[in-house]
Amino acid sequence: MTAGGCGIREFVMANQVEPNKWYFTVDCSKCGEDIPFAEAPSPEEESEPQFRTVKLQCPHCGAEDIYAPALMTRRQGPESK
Ligand SMILES: [Zn+2]
């Protein structure tokens, strides 16, 4: 159990998501939109990244909540949406 071992940095970056990069995201507990909150290593680089509980504010609806690691997923930036 090491905290912060894979360099997760907490920041909300919904407007800066780049295609083909990987991000850790959660679904907003209120509006259900994606909240990308950190850059992620690709699955090839890190097959099982470590998560820790983070407090995030949704950039879509402004709701603040605390998200447990179980809620987090790794997604690739959208190519077109
Ligand atoms: Zn929201």
# chains A, B, ... in the order shown; residues from 1 in each chain; ligands from 1

$ closest_atom_pairs --of "chain A" --to "ligand 1" --cutoff "8 Å" --atoms "only C-alpha atoms and all ligand atoms" --output "JSON lines"
{"residue": "A:Asp27", "atom": "CA", "partner": "ligand 1", "partner_atom_place_in_ligand_line": "1 (Zn)", "distance": 7.9}
{"residue": "A:Cys28", "atom": "CA", "partner": "ligand 1", "partner_atom_place_in_ligand_line": "1 (Zn)", "distance": 4.6}
{"residue": "A:Ser29", "atom": "CA", "partner": "ligand 1", "partner_atom_place_in_ligand_line": "1 (Zn)", "distance": 6.6}
{"residue": "A:Lys30", "atom": "CA", "partner": "ligand 1", "partner_atom_place_in_ligand_line": "1 (Zn)", "distance": 5.1}
{"residue": "A:Cys31", "atom": "CA", "partner": "ligand 1", "partner_atom_place_in_ligand_line": "1 (Zn)", "distance": 4.1}
{"residue": "A:Gly32", "atom": "CA", "partner": "ligand 1", "partner_atom_place_in_ligand_line": "1 (Zn)", "distance": 5.9}
{"residue": "A:Glu33", "atom": "CA", "partner": "ligand 1", "partner_atom_place_in_ligand_line": "1 (Zn)", "distance": 5.7}
{"residue": "A:Asp34", "atom": "CA", "partner": "ligand 1", "partner_atom_place_in_ligand_line": "1 (Zn)", "distance": 8.0}
{"residue": "A:Ile35", "atom": "CA", "partner": "ligand 1", "partner_atom_place_in_ligand_line": "1 (Zn)", "distance": 7.9}
{"residue": "A:Gln57", "atom": "CA", "partner": "ligand 1", "partner_atom_place_in_ligand_line": "1 (Zn)", "distance": 7.8}
{"residue": "A:Cys58", "atom": "CA", "partner": "ligand 1", "partner_atom_place_in_ligand_line": "1 (Zn)", "distance": 4.6}
{"residue": "A:Pro59", "atom": "CA", "partner": "ligand 1", "partner_atom_place_in_ligand_line": "1 (Zn)", "distance": 6.6}
{"residue": "A:His60", "atom": "CA", "partner": "ligand 1", "partner_atom_place_in_ligand_line": "1 (Zn)", "distance": 4.9}
{"residue": "A:Cys61", "atom": "CA", "partner": "ligand 1", "partner_atom_place_in_ligand_line": "1 (Zn)", "distance": 4.1}
{"residue": "A:Gly62", "atom": "CA", "partner": "ligand 1", "partner_atom_place_in_ligand_line": "1 (Zn)", "distance": 6.0}
{"residue": "A:Ala63", "atom": "CA", "partner": "ligand 1", "partner_atom_place_in_ligand_line": "1 (Zn)", "distance": 5.5}

$ write_last_selection --atoms "N, CA and C atoms" --output "PDB file, in the first residue's frame"
ATOM      1  N   ASP A  27     -17.616   9.386 -12.986  1.00  0.00           N
ATOM      2  CA  ASP A  27     -18.901   9.934 -13.402  1.00  0.00           C
ATOM      3  C   ASP A  27     -19.424  10.812 -12.279  1.00  0.00           C
ATOM      4  N   CYS A  28     -19.839  12.013 -12.620  1.00  0.00           N
ATOM      5  CA  CYS A  28     -20.378  12.937 -11.625  1.00  0.00           C
ATOM      6  C   CYS A  28     -21.555  12.289 -10.894  1.00  0.00           C
ATOM      7  N   SER A  29     -21.547  12.436  -9.568  1.00  0.00           N
ATOM      8  CA  SER A  29     -22.617  11.818  -8.780  1.00  0.00           C
ATOM      9  C   SER A  29     -23.948  12.534  -8.977  1.00  0.00           C
ATOM     10  N   LYS A  30     -23.899  13.730  -9.514  1.00  0.00           N
ATOM     11  CA  LYS A  30     -25.125  14.498  -9.692  1.00  0.00           C
ATOM     12  C   LYS A  30     -25.632  14.455 -11.134  1.00  0.00           C
ATOM     13  N   CYS A  31     -24.780  14.866 -12.081  1.00  0.00           N
ATOM     14  CA  CYS A  31     -25.256  14.956 -13.467  1.00  0.00           C
ATOM     15  C   CYS A  31     -24.804  13.776 -14.326  1.00  0.00           C
ATOM     16  N   GLY A  32     -23.878  12.973 -13.820  1.00  0.00           N
ATOM     17  CA  GLY A  32     -23.473  11.779 -14.541  1.00  0.00           C
ATOM     18  C   GLY A  32     -22.470  12.002 -15.654  1.00  0.00           C
ATOM     19  N   GLU A  33     -22.010  13.241 -15.831  1.00  0.00           N
ATOM     20  CA  GLU A  33     -21.022  13.516 -16.874  1.00  0.00           C
ATOM     21  C   GLU A  33     -19.642  13.026 -16.436  1.00  0.00           C
ATOM     22  N   ASP A  34     -18.795  12.777 -17.414  1.00  0.00           N
ATOM     23  CA  ASP A  34     -17.409  12.418 -17.125  1.00  0.00           C
ATOM     24  C   ASP A  34     -16.677  13.581 -16.455  1.00  0.00           C
ATOM     25  N   ILE A  35     -15.891  13.276 -15.463  1.00  0.00           N
ATOM     26  CA  ILE A  35     -14.972  14.259 -14.900  1.00  0.00           C
ATOM     27  C   ILE A  35     -13.559  13.702 -15.031  1.00  0.00           C
ATOM     28  N   GLN A  57     -14.598  18.663  -7.987  1.00  0.00           N
ATOM     29  CA  GLN A  57     -15.753  19.477  -8.338  1.00  0.00           C
ATOM     30  C   GLN A  57     -16.061  19.257  -9.808  1.00  0.00           C
ATOM     31  N   CYS A  58     -17.304  18.936 -10.087  1.00  0.00           N
ATOM     32  CA  CYS A  58     -17.723  18.690 -11.462  1.00  0.00           C
ATOM     33  C   CYS A  58     -17.651  19.979 -12.269  1.00  0.00           C
ATOM     34  N   PRO A  59     -16.963  19.946 -13.416  1.00  0.00           N
ATOM     35  CA  PRO A  59     -16.890  21.140 -14.259  1.00  0.00           C
ATOM     36  C   PRO A  59     -18.184  21.402 -15.013  1.00  0.00           C
ATOM     37  N   HIS A  60     -19.080  20.419 -15.029  1.00  0.00           N
ATOM     38  CA  HIS A  60     -20.321  20.558 -15.791  1.00  0.00           C
ATOM     39  C   HIS A  60     -21.433  21.180 -14.953  1.00  0.00           C
ATOM     40  N   CYS A  61     -21.609  20.666 -13.726  1.00  0.00           N
ATOM     41  CA  CYS A  61     -22.715  21.163 -12.905  1.00  0.00           C
ATOM     42  C   CYS A  61     -22.244  21.804 -11.608  1.00  0.00           C
ATOM     43  N   GLY A  62     -20.937  21.713 -11.309  1.00  0.00           N
ATOM     44  CA  GLY A  62     -20.403  22.385 -10.131  1.00  0.00           C
ATOM     45  C   GLY A  62     -20.544  21.609  -8.839  1.00  0.00           C
ATOM     46  N   ALA A  63     -21.109  20.416  -8.895  1.00  0.00           N
ATOM     47  CA  ALA A  63     -21.276  19.623  -7.685  1.00  0.00           C
ATOM     48  C   ALA A  63     -19.929  19.142  -7.173  1.00  0.00           C
TER      49      ALA A  63
END

$ atom_distance --atom1 "atom CA of A:Glu39" --atom2 "atom CA of A:Tyr67"
16.5 Å

$ residues_around --residues "A:Thr53" --least-positions-apart "3" --cutoff "8 Å" --atoms "only C-alpha atoms" --output "number ranges by chain"
A: 66-69

$ residues_around --residues "A:Arg74" --least-positions-apart "6" --cutoff "10 Å" --atoms "only C-alpha atoms" --output "list in words"
Trp22, Tyr23, Phe24, Thr25, Val26, Pro36, Ala38, Glu39, Ala40, Pro41, Ser42, Pro43 and Pro49 of chain A

$ residues_around --residues "A:Asn20" --least-positions-apart "2" --cutoff "7 Å" --atoms "only C-alpha atoms" --output "list in words"
Glu18, Trp22, Gln76, Gly77 and Glu79 of chain A

$ atom_distance --atom1 "atom CA of A:Val54" --atom2 "atom CA of A:Phe37"
9.3 Å

$ atom_distance --atom1 "atom CA of A:Glu48" --atom2 "atom CA of A:Pro19"
21.6 Å

$ select_by_dssp --residues "stretch 21-75 of chain A" --states "strand (DSSP E)" --output "VMD selection string"
chain A and resid 22 to 27 34 to 40 54 to 57 64 to 67 73 to 75

$ write_last_selection --atoms "N, CA and C atoms" --output "PDB file, in the first residue's frame"
ATOM      1  N   TRP A  22      -4.598   9.201 -22.253  1.00  0.00           N
ATOM      2  CA  TRP A  22      -5.412   8.476 -21.288  1.00  0.00           C
ATOM      3  C   TRP A  22      -5.630   9.322 -20.047  1.00  0.00           C
ATOM      4  N   TYR A  23      -6.845   9.203 -19.536  1.00  0.00           N
ATOM      5  CA  TYR A  23      -7.211   9.967 -18.348  1.00  0.00           C
ATOM      6  C   TYR A  23      -7.934   9.084 -17.356  1.00  0.00           C
ATOM      7  N   PHE A  24      -7.764   9.432 -16.097  1.00  0.00           N
ATOM      8  CA  PHE A  24      -8.625   8.854 -15.084  1.00  0.00           C
ATOM      9  C   PHE A  24      -9.867   9.726 -14.963  1.00  0.00           C
ATOM     10  N   THR A  25     -11.004   9.085 -14.979  1.00  0.00           N
ATOM     11  CA  THR A  25     -12.252   9.847 -14.873  1.00  0.00           C
ATOM     12  C   THR A  25     -13.187   9.194 -13.865  1.00  0.00           C
ATOM     13  N   VAL A  26     -14.115   9.997 -13.380  1.00  0.00           N
ATOM     14  CA  VAL A  26     -15.247   9.470 -12.630  1.00  0.00           C
ATOM     15  C   VAL A  26     -16.515  10.036 -13.263  1.00  0.00           C
ATOM     16  N   ASP A  27     -17.616   9.386 -12.986  1.00  0.00           N
ATOM     17  CA  ASP A  27     -18.901   9.934 -13.402  1.00  0.00           C
ATOM     18  C   ASP A  27     -19.424  10.812 -12.279  1.00  0.00           C
ATOM     19  N   ASP A  34     -18.795  12.777 -17.414  1.00  0.00           N
ATOM     20  CA  ASP A  34     -17.409  12.418 -17.125  1.00  0.00           C
ATOM     21  C   ASP A  34     -16.677  13.581 -16.455  1.00  0.00           C
ATOM     22  N   ILE A  35     -15.891  13.276 -15.463  1.00  0.00           N
ATOM     23  CA  ILE A  35     -14.972  14.259 -14.900  1.00  0.00           C
ATOM     24  C   ILE A  35     -13.559  13.702 -15.031  1.00  0.00           C
ATOM     25  N   PRO A  36     -12.833  14.109 -16.078  1.00  0.00           N
ATOM     26  CA  PRO A  36     -11.435  13.676 -16.173  1.00  0.00           C
ATOM     27  C   PRO A  36     -10.633  14.466 -15.151  1.00  0.00           C
ATOM     28  N   PHE A  37      -9.898  13.797 -14.284  1.00  0.00           N
ATOM     29  CA  PHE A  37      -9.226  14.529 -13.203  1.00  0.00           C
ATOM     30  C   PHE A  37      -7.729  14.331 -13.165  1.00  0.00           C
ATOM     31  N   ALA A  38      -7.206  13.453 -13.999  1.00  0.00           N
ATOM     32  CA  ALA A  38      -5.755  13.281 -14.003  1.00  0.00           C
ATOM     33  C   ALA A  38      -5.329  12.567 -15.269  1.00  0.00           C
ATOM     34  N   GLU A  39      -4.120  12.850 -15.707  1.00  0.00           N
ATOM     35  CA  GLU A  39      -3.574  12.081 -16.808  1.00  0.00           C
ATOM     36  C   GLU A  39      -3.258  10.680 -16.322  1.00  0.00           C
ATOM     37  N   ALA A  40      -3.422   9.731 -17.196  1.00  0.00           N
ATOM     38  CA  ALA A  40      -3.203   8.329 -16.823  1.00  0.00           C
ATOM     39  C   ALA A  40      -2.163   7.713 -17.738  1.00  0.00           C
ATOM     40  N   VAL A  54     -10.420  10.880  -3.945  1.00  0.00           N
ATOM     41  CA  VAL A  54     -10.174  12.291  -4.222  1.00  0.00           C
ATOM     42  C   VAL A  54     -11.477  13.073  -4.125  1.00  0.00           C
ATOM     43  N   LYS A  55     -11.340  14.338  -3.783  1.00  0.00           N
ATOM     44  CA  LYS A  55     -12.475  15.238  -3.779  1.00  0.00           C
ATOM     45  C   LYS A  55     -12.411  16.057  -5.058  1.00  0.00           C
ATOM     46  N   LEU A  56     -13.515  16.064  -5.791  1.00  0.00           N
ATOM     47  CA  LEU A  56     -13.537  16.731  -7.088  1.00  0.00           C
ATOM     48  C   LEU A  56     -14.771  17.600  -7.223  1.00  0.00           C
ATOM     49  N   GLN A  57     -14.598  18.663  -7.987  1.00  0.00           N
ATOM     50  CA  GLN A  57     -15.753  19.477  -8.338  1.00  0.00           C
ATOM     51  C   GLN A  57     -16.061  19.257  -9.808  1.00  0.00           C
ATOM     52  N   GLU A  64     -19.735  19.252  -5.875  1.00  0.00           N
ATOM     53  CA  GLU A  64     -18.514  18.746  -5.256  1.00  0.00           C
ATOM     54  C   GLU A  64     -18.828  17.453  -4.552  1.00  0.00           C
ATOM     55  N   ASP A  65     -17.956  16.470  -4.736  1.00  0.00           N
ATOM     56  CA  ASP A  65     -18.189  15.205  -4.060  1.00  0.00           C
ATOM     57  C   ASP A  65     -16.860  14.509  -3.859  1.00  0.00           C
ATOM     58  N   ILE A  66     -16.900  13.488  -3.039  1.00  0.00           N
ATOM     59  CA  ILE A  66     -15.706  12.687  -2.789  1.00  0.00           C
ATOM     60  C   ILE A  66     -15.886  11.357  -3.508  1.00  0.00           C
ATOM     61  N   TYR A  67     -14.895  11.002  -4.292  1.00  0.00           N
ATOM     62  CA  TYR A  67     -14.998   9.816  -5.126  1.00  0.00           C
ATOM     63  C   TYR A  67     -13.996   8.755  -4.670  1.00  0.00           C
ATOM     64  N   THR A  73     -12.412   5.178 -13.478  1.00  0.00           N
ATOM     65  CA  THR A  73     -12.093   4.381 -14.646  1.00  0.00           C
ATOM     66  C   THR A  73     -11.048   5.117 -15.472  1.00  0.00           C
ATOM     67  N   ARG A  74     -10.396   4.370 -16.316  1.00  0.00           N
ATOM     68  CA  ARG A  74      -9.418   4.965 -17.227  1.00  0.00           C
ATOM     69  C   ARG A  74     -10.033   5.021 -18.612  1.00  0.00           C
ATOM     70  N   ARG A  75     -10.017   6.176 -19.192  1.00  0.00           N
ATOM     71  CA  ARG A  75     -10.581   6.341 -20.533  1.00  0.00           C
ATOM     72  C   ARG A  75      -9.606   7.101 -21.409  1.00  0.00           C
TER      73      ARG A  75
END
